[in-house]
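Pasting upload_19.pdb here (PDB, C-alpha atoms and all ligand atoms):
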```pdb
ATOM      1  CA  MET N   1      59.519  25.338  21.406
ATOM      2  CA  PRO N   2      57.233  22.542  22.639
ATOM      3  CA  ARG N   3      58.989  19.277  23.418
ATOM      4  CA  CYS N   4      57.887  16.157  21.630
ATOM      5  CA  GLU N   5      56.468  13.264  23.537
ATOM      6  CA  GLY N   6      56.868   9.586  22.965
ATOM      7  CA  GLN N   7      59.730   8.001  21.108
ATOM      8  CA  CYS N   8      61.930  10.988  20.232
ATOM      9  CA  GLY N   9      64.637   9.862  22.594
ATOM     10  CA  THR N  10      65.192   6.593  20.768
ATOM     11  CA  ASP N  11      65.893   8.032  17.316
ATOM     12  CA  GLU N  12      69.467   7.341  16.372
ATOM     13  CA  LEU N  13      71.894   7.248  13.453
ATOM     14  CA  VAL N  14      74.813   4.859  13.031
ATOM     15  CA  ARG N  15      77.441   5.219  10.305
ATOM     16  CA  SER N  16      79.676   2.281   9.542
ATOM     17  CA  LEU N  17      82.283   0.975   7.120
ATOM     18  CA  ALA N  18      82.113  -2.571   5.782
ATOM     19  CA  TYR N  19      83.900  -4.781   3.271
ATOM     20  CA  GLY N  20      87.360  -3.717   4.351
ATOM     21  CA  GLY N  21      86.447  -0.050   4.379
ATOM     22  CA  THR N  22      85.162   0.033   0.796
ATOM     23  CA  VAL N  23      81.435   0.442   1.518
ATOM     24  CA  GLN N  24      79.776   2.911   3.847
ATOM     25  CA  VAL N  25      76.494   1.815   5.426
ATOM     26  CA  VAL N  26      74.411   4.368   7.324
ATOM     27  CA  ALA N  27      71.199   3.547   9.173
ATOM     28  CA  ALA N  28      68.755   5.669  11.143
ATOM     29  CA  THR N  29      65.624   5.155  13.169
ATOM     30  CA  THR N  30      63.427   8.243  12.908
ATOM     31  CA  THR N  31      60.013   7.278  14.352
ATOM     32  CA  GLY N  32      59.903  10.022  16.975
ATOM     33  CA  LEU N  33      61.054  12.848  14.746
ATOM     34  CA  VAL N  34      58.706  11.919  11.897
ATOM     35  CA  GLU N  35      55.807  11.815  14.370
ATOM     36  CA  GLU N  36      56.913  15.234  15.601
ATOM     37  CA  ALA N  37      56.923  16.550  12.017
ATOM     38  CA  HIS N  38      53.401  15.122  11.610
ATOM     39  CA  ALA N  39      52.214  16.785  14.821
ATOM     40  CA  ARG N  40      53.795  20.134  13.968
ATOM     41  CA  HIS N  41      52.575  20.361  10.393
ATOM     42  CA  GLY N  42      49.296  18.457  10.692
ATOM     43  CA  THR N  43      50.287  16.340   7.686
ATOM     44  CA  TRP N  44      47.899  13.663   6.445
ATOM     45  CA  PRO N  45      49.216  10.082   6.242
ATOM     46  CA  THR N  46      50.677  10.052   2.709
ATOM     47  CA  ALA N  47      52.101  13.561   3.144
ATOM     48  CA  THR N  48      53.609  12.350   6.444
ATOM     49  CA  ALA N  49      55.208   9.375   4.683
ATOM     50  CA  ALA N  50      56.717  11.581   1.964
ATOM     51  CA  LEU N  51      58.005  14.139   4.475
ATOM     52  CA  GLY N  52      59.314  11.388   6.776
ATOM     53  CA  ARG N  53      61.230   9.774   3.919
ATOM     54  CA  VAL N  54      62.844  13.107   2.971
ATOM     55  CA  LEU N  55      63.738  13.955   6.603
ATOM     56  CA  THR N  56      65.290  10.507   7.039
ATOM     57  CA  ALA N  57      67.216  10.791   3.751
ATOM     58  CA  ALA N  58      68.557  14.218   4.748
ATOM     59  CA  LEU N  59      69.917  12.733   7.981
ATOM     60  CA  LEU N  60      71.466   9.739   6.186
ATOM     61  CA  MET N  61      73.060  11.877   3.472
ATOM     62  CA  GLY N  62      74.033  14.544   6.025
ATOM     63  CA  SER N  63      75.976  12.029   8.104
ATOM     64  CA  SER N  64      79.031  12.446   5.863
ATOM     65  CA  LEU N  65      79.167  16.204   6.472
ATOM     66  CA  LYS N  66      81.386  17.894   9.042
ATOM     67  CA  ASP N  67      80.739  20.255  11.963
ATOM     68  CA  ASP N  68      78.486  23.141  10.901
ATOM     69  CA  GLU N  69      77.787  21.857   7.398
ATOM     70  CA  LYS N  70      74.174  21.342   6.309
ATOM     71  CA  ILE N  71      72.305  19.539   3.575
ATOM     72  CA  LEU N  72      68.931  20.523   2.153
ATOM     73  CA  ILE N  73      66.942  18.152  -0.033
ATOM     74  CA  GLN N  74      64.043  19.390  -2.144
ATOM     75  CA  ILE N  75      61.818  16.954  -3.972
ATOM     76  CA  CYS N  76      59.847  18.989  -6.502
ATOM     77  CA  GLY N  77      57.378  16.698  -8.255
ATOM     78  CA  ASN N  78      54.300  17.398 -10.332
ATOM     79  CA  GLY N  79      51.971  15.692  -7.825
ATOM     80  CA  PRO N  80      49.569  17.284  -5.329
ATOM     81  CA  LEU N  81      52.109  17.509  -2.478
ATOM     82  CA  GLY N  82      54.138  20.243  -4.161
ATOM     83  CA  ARG N  83      57.613  20.666  -2.720
ATOM     84  CA  VAL N  84      58.845  18.281  -0.003
ATOM     85  CA  VAL N  85      61.819  19.732   1.838
ATOM     86  CA  GLY N  86      64.175  18.372   4.479
ATOM     87  CA  GLU N  87      67.279  19.958   5.935
ATOM     88  CA  ALA N  88      69.756  18.207   8.224
ATOM     89  CA  THR N  89      72.916  19.120  10.048
ATOM     90  CA  ALA N  90      75.942  16.871  10.501
ATOM     91  CA  ARG N  91      74.974  16.708  14.173
ATOM     92  CA  GLY N  92      71.624  15.017  13.694
ATOM     93  CA  GLN N  93      69.179  17.906  13.774
ATOM     94  CA  VAL N  94      66.596  17.870  11.030
ATOM     95  CA  ARG N  95      63.672  20.052   9.985
ATOM     96  CA  GLY N  96      61.376  20.184   7.013
ATOM     97  CA  TYR N  97      57.972  20.721   5.514
ATOM     98  CA  VAL N  98      55.695  19.738   2.694
ATOM     99  CA  GLN N  99      54.072  22.455   0.617
ATOM    100  CA  ASN N 100      50.584  20.914   0.728
ATOM    101  CA  PRO N 101      50.320  18.871   3.935
ATOM    102  CA  HIS N 102      46.701  17.805   3.374
ATOM    103  CA  VAL N 103      47.247  15.255   0.642
ATOM    104  CA  ASP N 104      46.276  11.623   0.890
ATOM    105  CA  PRO N 105      45.601   9.835  -2.400
ATOM    106  CA  GLU N 106      43.747   6.543  -2.624
ATOM    107  CA  LEU N 107      45.667   3.652  -1.119
ATOM    108  CA  LYS N 108      47.392   1.309  -3.534
ATOM    109  CA  ALA N 109      46.617  -2.399  -3.543
ATOM    110  CA  ALA N 110      47.359  -4.067  -0.196
ATOM    111  CA  GLY N 111      46.710  -0.785   1.587
ATOM    112  CA  LYS N 112      50.083   0.741   0.740
ATOM    113  CA  MET N 113      50.330   4.501   0.794
ATOM    114  CA  ASP N 114      50.849   5.860  -2.689
ATOM    115  CA  VAL N 115      53.743   8.233  -2.070
ATOM    116  CA  ALA N 116      54.761   8.328  -5.748
ATOM    117  CA  SER N 117      51.330   9.604  -6.816
ATOM    118  CA  ALA N 118      51.393  12.248  -4.097
ATOM    119  CA  VAL N 119      54.915  13.397  -5.025
ATOM    120  CA  GLY N 120      54.419  13.032  -8.774
ATOM    121  CA  ARG N 121      56.524  10.964 -11.137
ATOM    122  CA  GLU N 122      58.004  13.906 -13.007
ATOM    123  CA  GLY N 123      60.036  16.697 -11.575
ATOM    124  CA  VAL N 124      63.405  17.329 -10.070
ATOM    125  CA  VAL N 125      65.526  16.584  -7.004
ATOM    126  CA  VAL N 126      67.573  19.533  -5.774
ATOM    127  CA  VAL N 127      70.289  19.054  -3.171
ATOM    128  CA  ILE N 128      71.965  22.070  -1.624
ATOM    129  CA  LYS N 129      74.939  21.653   0.701
ATOM    130  CA  ASP N 130      76.145  24.475   2.865
ATOM    131  CA  LEU N 131      79.794  23.537   3.294
ATOM    132  CA  GLY N 132      80.791  26.835   4.864
ATOM    133  CA  LEU N 133      82.138  28.094   1.539
ATOM    134  CA  LYS N 134      81.152  31.338  -0.151
ATOM    135  CA  GLU N 135      78.732  29.591  -2.479
ATOM    136  CA  PRO N 136      76.691  26.560  -1.436
ATOM    137  CA  TYR N 137      77.122  23.381  -3.471
ATOM    138  CA  GLN N 138      74.024  22.573  -5.539
ATOM    139  CA  GLY N 139      73.209  19.440  -7.512
ATOM    140  CA  THR N 140      70.083  18.340  -9.347
ATOM    141  CA  ALA N 141      68.685  15.294 -11.092
ATOM    142  CA  PRO N 142      65.310  14.416 -12.592
ATOM    143  CA  LEU N 143      62.828  12.386 -10.558
ATOM    144  CA  VAL N 144      62.698   8.773 -11.696
ATOM    145  CA  SER N 145      59.750   7.368  -9.728
ATOM    146  CA  GLY N 146      58.514   9.780  -7.063
ATOM    147  CA  GLU N 147      59.240   7.126  -4.402
ATOM    148  CA  ILE N 148      62.056   9.351  -3.022
ATOM    149  CA  ALA N 149      64.630   6.637  -2.143
ATOM    150  CA  GLU N 150      64.945   5.694  -5.831
ATOM    151  CA  ASP N 151      65.023   9.346  -6.838
ATOM    152  CA  LEU N 152      67.834  10.126  -4.412
ATOM    153  CA  THR N 153      69.811   7.023  -5.421
ATOM    154  CA  TYR N 154      69.602   8.196  -9.015
ATOM    155  CA  TYR N 155      70.624  11.703  -7.923
ATOM    156  CA  LEU N 156      73.678  10.338  -6.067
ATOM    157  CA  ALA N 157      74.785   8.309  -9.087
ATOM    158  CA  GLN N 158      74.144  11.033 -11.661
ATOM    159  CA  SER N 159      75.063  14.207  -9.879
ATOM    160  CA  GLU N 160      77.649  13.105  -7.312
ATOM    161  CA  GLN N 161      78.934   9.952  -9.084
ATOM    162  CA  ILE N 162      78.410   7.868  -5.952
ATOM    163  CA  PRO N 163      76.984   4.398  -6.625
ATOM    164  CA  SER N 164      74.508   3.809  -3.817
ATOM    165  CA  ALA N 165      71.387   2.043  -2.642
ATOM    166  CA  MET N 166      68.798   3.419  -0.255
ATOM    167  CA  ALA N 167      65.677   2.287   1.575
ATOM    168  CA  LEU N 168      63.344   4.675   3.380
ATOM    169  CA  GLY N 169      60.136   3.805   5.178
ATOM    170  CA  VAL N 170      57.372   5.317   7.279
ATOM    171  CA  LEU N 171      54.641   3.200   8.841
ATOM    172  CA  VAL N 172      51.491   4.841  10.194
ATOM    173  CA  GLY N 173      48.644   3.238  12.078
ATOM    174  CA  PRO N 174      45.999   3.721  14.730
ATOM    175  CA  ALA N 175      47.242   5.872  17.604
ATOM    176  CA  GLU N 176      46.291   3.286  20.203
ATOM    177  CA  ALA N 177      48.180   0.439  18.484
ATOM    178  CA  GLY N 178      51.645  -0.492  19.665
ATOM    179  CA  ALA N 179      54.481  -0.458  17.163
ATOM    180  CA  SER N 180      54.622  -4.243  17.265
ATOM    181  CA  GLN N 181      51.222  -4.425  15.614
ATOM    182  CA  GLY N 182      52.570  -2.844  12.451
ATOM    183  CA  GLY N 183      54.155  -5.046   9.856
ATOM    184  CA  HIS N 184      54.028  -3.417   6.487
ATOM    185  CA  ASP N 185      54.685  -0.021   5.104
ATOM    186  CA  HIS N 186      51.058   0.834   4.758
ATOM    187  CA  ALA N 187      48.240   2.802   6.260
ATOM    188  CA  GLY N 188      45.369   0.806   7.709
ATOM    189  CA  ARG N 189      42.234   1.158   5.639
ATOM    190  CA  GLY N 190      40.420   3.085   8.334
ATOM    191  CA  VAL N 191      43.304   5.508   8.616
ATOM    192  CA  ALA N 192      43.027   7.221   5.269
ATOM    193  CA  ALA N 193      39.308   7.742   5.798
ATOM    194  CA  GLU N 194      40.022   9.897   8.814
ATOM    195  CA  ALA N 195      43.155  11.394   7.390
ATOM    196  CA  SER N 196      42.768  14.741   9.074
ATOM    197  CA  GLY N 197      41.792  13.307  12.448
ATOM    198  CA  SER N 198      44.118  12.567  15.302
ATOM    199  CA  GLY N 199      43.322   8.845  15.492
ATOM    200  CA  TRP N 200      46.591   7.771  13.921
ATOM    201  CA  LYS N 201      50.306   8.319  14.376
ATOM    202  CA  VAL N 202      53.691   7.329  13.025
ATOM    203  CA  LEU N 203      54.391   3.820  14.342
ATOM    204  CA  ALA N 204      57.837   3.369  12.847
ATOM    205  CA  ALA N 205      60.231   5.128  10.492
ATOM    206  CA  GLY N 206      63.801   4.697   9.399
ATOM    207  CA  GLY N 207      66.245   4.319   6.567
ATOM    208  CA  LEU N 208      69.360   2.630   5.250
ATOM    209  CA  LEU N 209      71.924   4.114   2.873
ATOM    210  CA  VAL N 210      74.693   2.095   1.232
ATOM    211  CA  GLN N 211      77.423   4.004  -0.589
ATOM    212  CA  ALA N 212      80.280   2.460  -2.508
ATOM    213  CA  LEU N 213      83.620   4.161  -2.062
ATOM    214  CA  PRO N 214      85.876   4.327  -5.143
ATOM    215  CA  SER N 215      87.762   1.191  -4.063
ATOM    216  CA  ALA N 216      84.601  -0.945  -3.751
ATOM    217  CA  ARG N 217      84.203  -3.978  -5.969
ATOM    218  CA  GLN N 218      81.186  -3.716  -8.242
ATOM    219  CA  GLU N 219      79.744  -7.082  -7.231
ATOM    220  CA  VAL N 220      79.742  -6.046  -3.570
ATOM    221  CA  LEU N 221      77.390  -3.135  -4.201
ATOM    222  CA  ALA N 222      75.267  -5.263  -6.533
ATOM    223  CA  GLY N 223      74.980  -7.888  -3.808
ATOM    224  CA  LEU N 224      73.983  -5.309  -1.206
ATOM    225  CA  GLU N 225      71.419  -3.804  -3.580
ATOM    226  CA  ASN N 226      69.890  -7.237  -3.974
ATOM    227  CA  ARG N 227      69.939  -7.878  -0.276
ATOM    228  CA  LEU N 228      68.323  -4.481   0.427
ATOM    229  CA  ALA N 229      65.573  -5.213  -2.093
ATOM    230  CA  ARG N 230      64.856  -8.582  -0.446
ATOM    231  CA  LEU N 231      64.783  -7.291   3.136
ATOM    232  CA  PRO N 232      61.431  -6.547   4.752
ATOM    233  CA  GLN N 233      60.424  -2.858   4.569
ATOM    234  CA  VAL N 234      62.780  -0.850   6.738
ATOM    235  CA  SER N 235      59.803   0.612   8.648
ATOM    236  CA  SER N 236      58.544  -2.854   9.529
ATOM    237  CA  LEU N 237      62.016  -3.798  10.793
ATOM    238  CA  VAL N 238      61.938  -0.688  12.988
ATOM    239  CA  ALA N 239      58.408  -1.604  14.091
ATOM    240  CA  ARG N 240      59.788  -4.973  15.187
ATOM    241  CA  GLY N 241      62.270  -3.192  17.409
ATOM    242  CA  ARG N 242      65.403  -2.999  15.252
ATOM    243  CA  THR N 243      67.775  -0.236  16.300
ATOM    244  CA  ALA N 244      69.876   1.677  13.769
ATOM    245  CA  GLN N 245      72.702  -0.787  14.303
ATOM    246  CA  GLY N 246      70.190  -3.624  14.102
ATOM    247  CA  LEU N 247      69.287  -2.423  10.593
ATOM    248  CA  ILE N 248      72.965  -2.569   9.592
ATOM    249  CA  ASP N 249      73.220  -6.085  11.095
ATOM    250  CA  GLU N 250      70.147  -7.083   9.111
ATOM    251  CA  LEU N 251      71.618  -5.766   5.832
ATOM    252  CA  LEU N 252      75.099  -7.216   6.400
ATOM    253  CA  GLU N 253      73.608 -10.437   7.773
ATOM    254  CA  ALA N 254      75.254  -9.733  11.123
ATOM    255  CA  GLY N 255      78.820 -10.493  10.376
ATOM    256  CA  LYS N 256      78.365 -12.920   7.504
ATOM    257  CA  ALA N 257      79.901 -10.249   5.316
ATOM    258  CA  GLY N 258      82.782  -9.966   7.720
ATOM    259  CA  SER N 259      82.925  -7.500  10.540
ATOM    260  CA  TYR N 260      82.126  -3.865  10.055
ATOM    261  CA  GLN N 261      83.416  -0.823  11.849
ATOM    262  CA  VAL N 262      81.114   1.722  13.513
ATOM    263  CA  LEU N 263      82.464   5.200  12.700
ATOM    264  CA  ASP N 264      79.821   7.328  14.291
ATOM    265  CA  ARG N 265      76.700   7.054  16.395
ATOM    266  CA  TYR N 266      74.503   9.946  17.513
ATOM    267  CA  PRO N 267      70.908  10.772  18.427
ATOM    268  CA  VAL N 268      68.780  12.430  15.746
ATOM    269  CA  GLU N 269      65.885  14.786  16.392
ATOM    270  CA  PHE N 270      63.497  17.293  14.859
ATOM    271  CA  ASP N 271      65.100  20.585  15.793
ATOM    272  CA  CYS N 272      64.390  23.646  13.689
ATOM    273  CA  GLY N 273      66.818  26.099  15.217
ATOM    274  CA  CYS N 274      64.555  29.075  14.521
ATOM    275  CA  SER N 275      64.090  31.715  17.228
ATOM    276  CA  ARG N 276      62.307  35.008  17.894
ATOM    277  CA  GLU N 277      65.567  36.867  17.270
ATOM    278  CA  ARG N 278      66.031  35.286  13.847
ATOM    279  CA  VAL N 279      62.432  35.987  12.876
ATOM    280  CA  ALA N 280      62.846  39.579  14.086
ATOM    281  CA  ARG N 281      65.903  39.879  11.835
ATOM    282  CA  ALA N 282      63.788  38.575   8.944
ATOM    283  CA  LEU N 283      61.205  41.279   9.732
ATOM    284  CA  VAL N 284      63.919  43.928   9.714
ATOM    285  CA  SER N 285      65.194  42.609   6.395
ATOM    286  CA  LEU N 286      61.812  43.533   4.871
ATOM    287  CA  GLY N 287      63.133  47.092   4.859
ATOM    288  CA  THR N 288      62.076  50.463   6.244
ATOM    289  CA  GLU N 289      59.123  50.950   3.929
ATOM    290  CA  GLU N 290      57.451  47.659   4.773
ATOM    291  CA  LEU N 291      58.118  48.029   8.507
ATOM    292  CA  ALA N 292      56.787  51.590   8.454
ATOM    293  CA  ARG N 293      53.612  50.294   6.818
ATOM    294  CA  LEU N 294      53.232  47.619   9.539
ATOM    295  CA  ASP N 295      53.915  50.262  12.193
ATOM    296  CA  GLN N 296      51.286  52.556  10.702
ATOM    297  CA  GLU N 297      48.696  49.783  10.606
ATOM    298  CA  GLY N 298      49.352  49.166  14.309
ATOM    299  CA  GLN N 299      48.283  45.514  14.171
ATOM    300  CA  GLY N 300      51.669  44.011  14.908
ATOM    301  CA  ALA N 301      52.800  41.103  12.736
ATOM    302  CA  GLN N 302      52.521  37.340  12.788
ATOM    303  CA  LEU N 303      55.131  35.168  11.123
ATOM    304  CA  THR N 304      55.092  31.392  10.876
ATOM    305  CA  CYS N 305      58.299  29.415  10.430
ATOM    306  CA  ARG N 306      57.822  27.288   7.345
ATOM    307  CA  PHE N 307      60.117  24.529   8.626
ATOM    308  CA  CYS N 308      58.509  23.880  12.009
ATOM    309  CA  ASN N 309      55.207  25.772  11.885
ATOM    310  CA  THR N 310      56.012  27.776  15.031
ATOM    311  CA  ARG N 311      54.081  31.043  15.066
ATOM    312  CA  TYR N 312      55.824  34.214  16.180
ATOM    313  CA  SER N 313      53.739  37.255  17.124
ATOM    314  CA  PHE N 314      55.131  40.769  17.303
ATOM    315  CA  GLY N 315      53.049  43.446  18.975
ATOM    316  CA  PRO N 316      52.637  47.001  17.617
ATOM    317  CA  GLN N 317      55.235  48.304  20.086
ATOM    318  CA  GLU N 318      57.803  45.687  19.000
ATOM    319  CA  ILE N 319      57.259  46.612  15.354
ATOM    320  CA  HIS N 320      57.713  50.250  16.305
ATOM    321  CA  ASP N 321      60.980  49.446  18.116
ATOM    322  CA  LEU N 322      62.299  47.386  15.189
ATOM    323  CA  LEU N 323      61.531  50.283  12.849
ATOM    324  CA  ARG N 324      63.367  52.698  15.142
ATOM    325  CA  GLN N 325      66.400  50.367  15.240
ATOM    326  CA  LEU N 326      66.373  50.280  11.450
ATOM    327  CA  GLU N 327      66.123  54.049  11.169
ATOM    328  CA  GLU N 328      68.719  54.725  13.839
ATOM    329  CA  PRO N 329      71.304  51.974  13.569
ATOM    330  CA  GLY N 330      73.437  51.659  16.646
ATOM    331  CA  GLN N 331      70.625  52.696  19.002
ATOM    332  CA  PRO N 332      69.372  49.988  21.332
TER     333      PRO N 332
HETATM  334 ZN    ZN E   1      61.262  26.893  12.803
END
```
As structure tokens:
Amino acid sequence: MPRCEGQCGTDELVRSLAYGGTVQVVAATTTGLVEEAHARHGTWPTATAALGRVLTAALLMGSSLKDDEKILIQICGNGPLGRVVGEATARGQVRGYVQNPHVDPELKAAGKMDVASAVGREGVVVVIKDLGLKEPYQGTAPLVSGEIAEDLTYYLAQSEQIPSAMALGVLVGPAEAGASQGGHDHAGRGVAAEASGSGWKVLAAGGLLVQALPSARQEVLAGLENRLARLPQVSSLVARGRTAQGLIDELLEAGKAGSYQVLDRYPVEFDCGCSRERVARALVSLGTEELARLDQEGQGAQLTCRFCNTRYSFGPQEIHDLLRQLEEPGQP
């Protein structure tokens, strides 16, 4: 798998408890991994923003999981993007894709990317958690705005009964510009015009998630919601050099709210986890008939991993060997 270049190494997640342990605040910087998702999938700017928000949300929401548990978020709106999918582990690996990566609607006023129009304002959020049980946990809620953070906040309240507030942001801009030249969560006007070109990149991305535990006082969450709404865009804070912990400091006004306790801190990265062996198993799972047909055709097979766009090629001989293994189980 090709290694990413640039800022991947600086992506990080910090999970903390504030207000005497009654409110959990999680923050992540995800610039490098969202740029990697863009490079892998060739997403246009607005598609990149939507995918980046979902990848970041999956990491934030996945931070409460344990060990080998996983969370998958699907945003299924009626807009041109189709499905936007992100899957994260409790250890900070994330992967994902958008069904139609080449979507970039007109910019909104002030040059803001119109993620809601690309996602669609009607549809459904589906969250699937693999908790190592026989059946995965699945929850759903309707989309409320197509902006993703709002949709997931509504999902958390409705489906999981967790009062929460969330901010997600992705800033793109000219590839030659430094992150410090960003400022707002928007695409430069010239960027959308050359959406498919390589003249732009992800300058900053990140997110904040506030979750009230059952013992939290209602006015505390209301106050944090207000504060979150008044903060600059989370992507512009990241563009100005805020770390994950810096985002928490910003939200909690660095100690004004009393001290907070860092529970967890780990690097986050785009890491699909797919491999030739797994794809070969998927080929085998097609069954004898389908493999025999591929063997007969003698062209080999090409499979592309949907989550990371890695292409796996199997030659005619490999297909033949897989078929033989299927027909004679136990033989090497
Ligand atoms: Zn993959």
Let me have all residues with an atom within 6 Å of ligand ZN 1 (chain E), counting all atoms listed in the file, laid out as a list in words.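 So, counting all atoms listed in the file, the residues near ligand ZN 1 (chain E) are Cys272, Cys274, Cys305, Phe307, Cys308 and Thr310 of chain N.
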File dump, residues just selected, C-alpha atoms, as a PDB file, in the coordinates of the input:
```
ATOM      1  CA  CYS N 272      64.390  23.646  13.689  1.00  0.00           C
ATOM      2  CA  CYS N 274      64.555  29.075  14.521  1.00  0.00           C
ATOM      3  CA  CYS N 305      58.299  29.415  10.430  1.00  0.00           C
ATOM      4  CA  PHE N 307      60.117  24.529   8.626  1.00  0.00           C
ATOM      5  CA  CYS N 308      58.509  23.880  12.009  1.00  0.00           C
ATOM      6  CA  THR N 310      56.012  27.776  15.031  1.00  0.00           C
TER       7      THR N 310
END
```
Might you pull out every residue within 12 Å of Gly223 in chain N, with only C-alpha atoms counted and same-chain residues fewer than 3 positions away left off, and present them as a PyMOL selection string? chain N and resi 19+23+164-165+210+212+216-220+226-230+251-253+257
Keeping C-alpha atoms, export the residues of the selection given above as an mmCIF file, in the frame of the given file.
```cif
data_model
loop_
_atom_site.group_PDB
_atom_site.id
_atom_site.type_symbol
_atom_site.label_atom_id
_atom_site.label_comp_id
_atom_site.auth_asym_id
_atom_site.auth_seq_id
_atom_site.Cartn_x
_atom_site.Cartn_y
_atom_site.Cartn_z
ATOM 1 C CA TYR N 19 83.900 -4.781 3.271
ATOM 2 C CA VAL N 23 81.435 0.442 1.518
ATOM 3 C CA SER N 164 74.508 3.809 -3.817
ATOM 4 C CA ALA N 165 71.387 2.043 -2.642
ATOM 5 C CA VAL N 210 74.693 2.095 1.232
ATOM 6 C CA ALA N 212 80.280 2.460 -2.508
ATOM 7 C CA ALA N 216 84.601 -0.945 -3.751
ATOM 8 C CA ARG N 217 84.203 -3.978 -5.969
ATOM 9 C CA GLN N 218 81.186 -3.716 -8.242
ATOM 10 C CA GLU N 219 79.744 -7.082 -7.231
ATOM 11 C CA VAL N 220 79.742 -6.046 -3.570
ATOM 12 C CA ASN N 226 69.890 -7.237 -3.974
ATOM 13 C CA ARG N 227 69.939 -7.878 -0.276
ATOM 14 C CA LEU N 228 68.323 -4.481 0.427
ATOM 15 C CA ALA N 229 65.573 -5.213 -2.093
ATOM 16 C CA ARG N 230 64.856 -8.582 -0.446
ATOM 17 C CA LEU N 251 71.618 -5.766 5.832
ATOM 18 C CA LEU N 252 75.099 -7.216 6.400
ATOM 19 C CA GLU N 253 73.608 -10.437 7.773
ATOM 20 C CA ALA N 257 79.901 -10.249 5.316
#
```
Out of N:Arg121, N:Arg324, N:His102, N:Lys201, which residue has the shortest atom-to-atom distance to Gly79 in chain N when counting only C-alpha atoms?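 Under the stated criterion, the closest residue is N:Arg121.
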All file atoms of range 107-122 of chain N boxed axis-aligned, 8 Å per side, centre plus edges, as AutoDock Vina command-line options:
```
--center_x 51.8 --center_y 4.9 --center_z -5.7 --size_x 28.3 --size_y 34.0 --size_z 30.6
```
Using only C-alpha atoms, can you tell me which of N:Ala204, N:Leu247, N:Leu81, N:Ile75 comes closest to Glu35 in chain N?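 That would be N:Ala204, the residue with the smallest distance to Glu35 in chain N.
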Atom-to-atom span, CA of Ala301 in chain N and CA of Ala39 in chain N, Å: 24.4 Å
From N:Gly207, N:Glu289, N:Ile148, N:Gln245, residue lying nearest Leu263 in chain N [all atoms listed in the file]: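 Distance minimum relative to Leu263 in chain N lands on N:Gln245.
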Please measure the separation of CA of Ala37 in chain N and CA of Leu156 in chain N, giving the value in Å to one decimal.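 Computing it gives 25.4 Å between the two atoms.
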Nearest to Trp44 in chain N, chosen from N:Asp104, N:Glu277, N:Glu290, N:Asp271, with only C-alpha atoms counted in the distances: N:Asp104
What's the separation between CA of Lys108 in chain N and CA of Arg40 in chain N, in Å to one decimal place?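 That distance, rounded to one decimal, is 26.5 Å.
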Expansion of the PyMOL selection byres (((chain N and resi 76) around 10) and not hetatm) into residues, as a PyMOL selection string: chain N and resi 73-75+77-79+81-85+99+119-126+142-143+146
Can you give me, as a ChimeraX atom specification, the residues this file yields under the PyMOL selection byres (((chain N and resi 26) around 9) and not hetatm)? /N:13-17,24-25,27-28,60-61,63,207-211,244-245,248
For Gly52 in chain N, which of N:Ser159, N:Ser235, N:Asn100, N:Thr140 is the closest residue, counting only C-alpha atoms?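 With only C-alpha atoms as the atom set, the closest residue is N:Ser235.
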Can you tell me which residues surround Leu133 in chain N at a distance of at most 12 Å, considering all atoms listed in the file, apart from same-chain residues fewer than 4 positions away, and format the answer as a VMD selection string? chain N and resid 68 to 70 129 137
Determine the residue membership of the PyMOL selection byres (((chain N and resi 269) around 6) and not hetatm) for the file above and supply it as a ChimeraX atom specification. /N:33,93,268,270-271
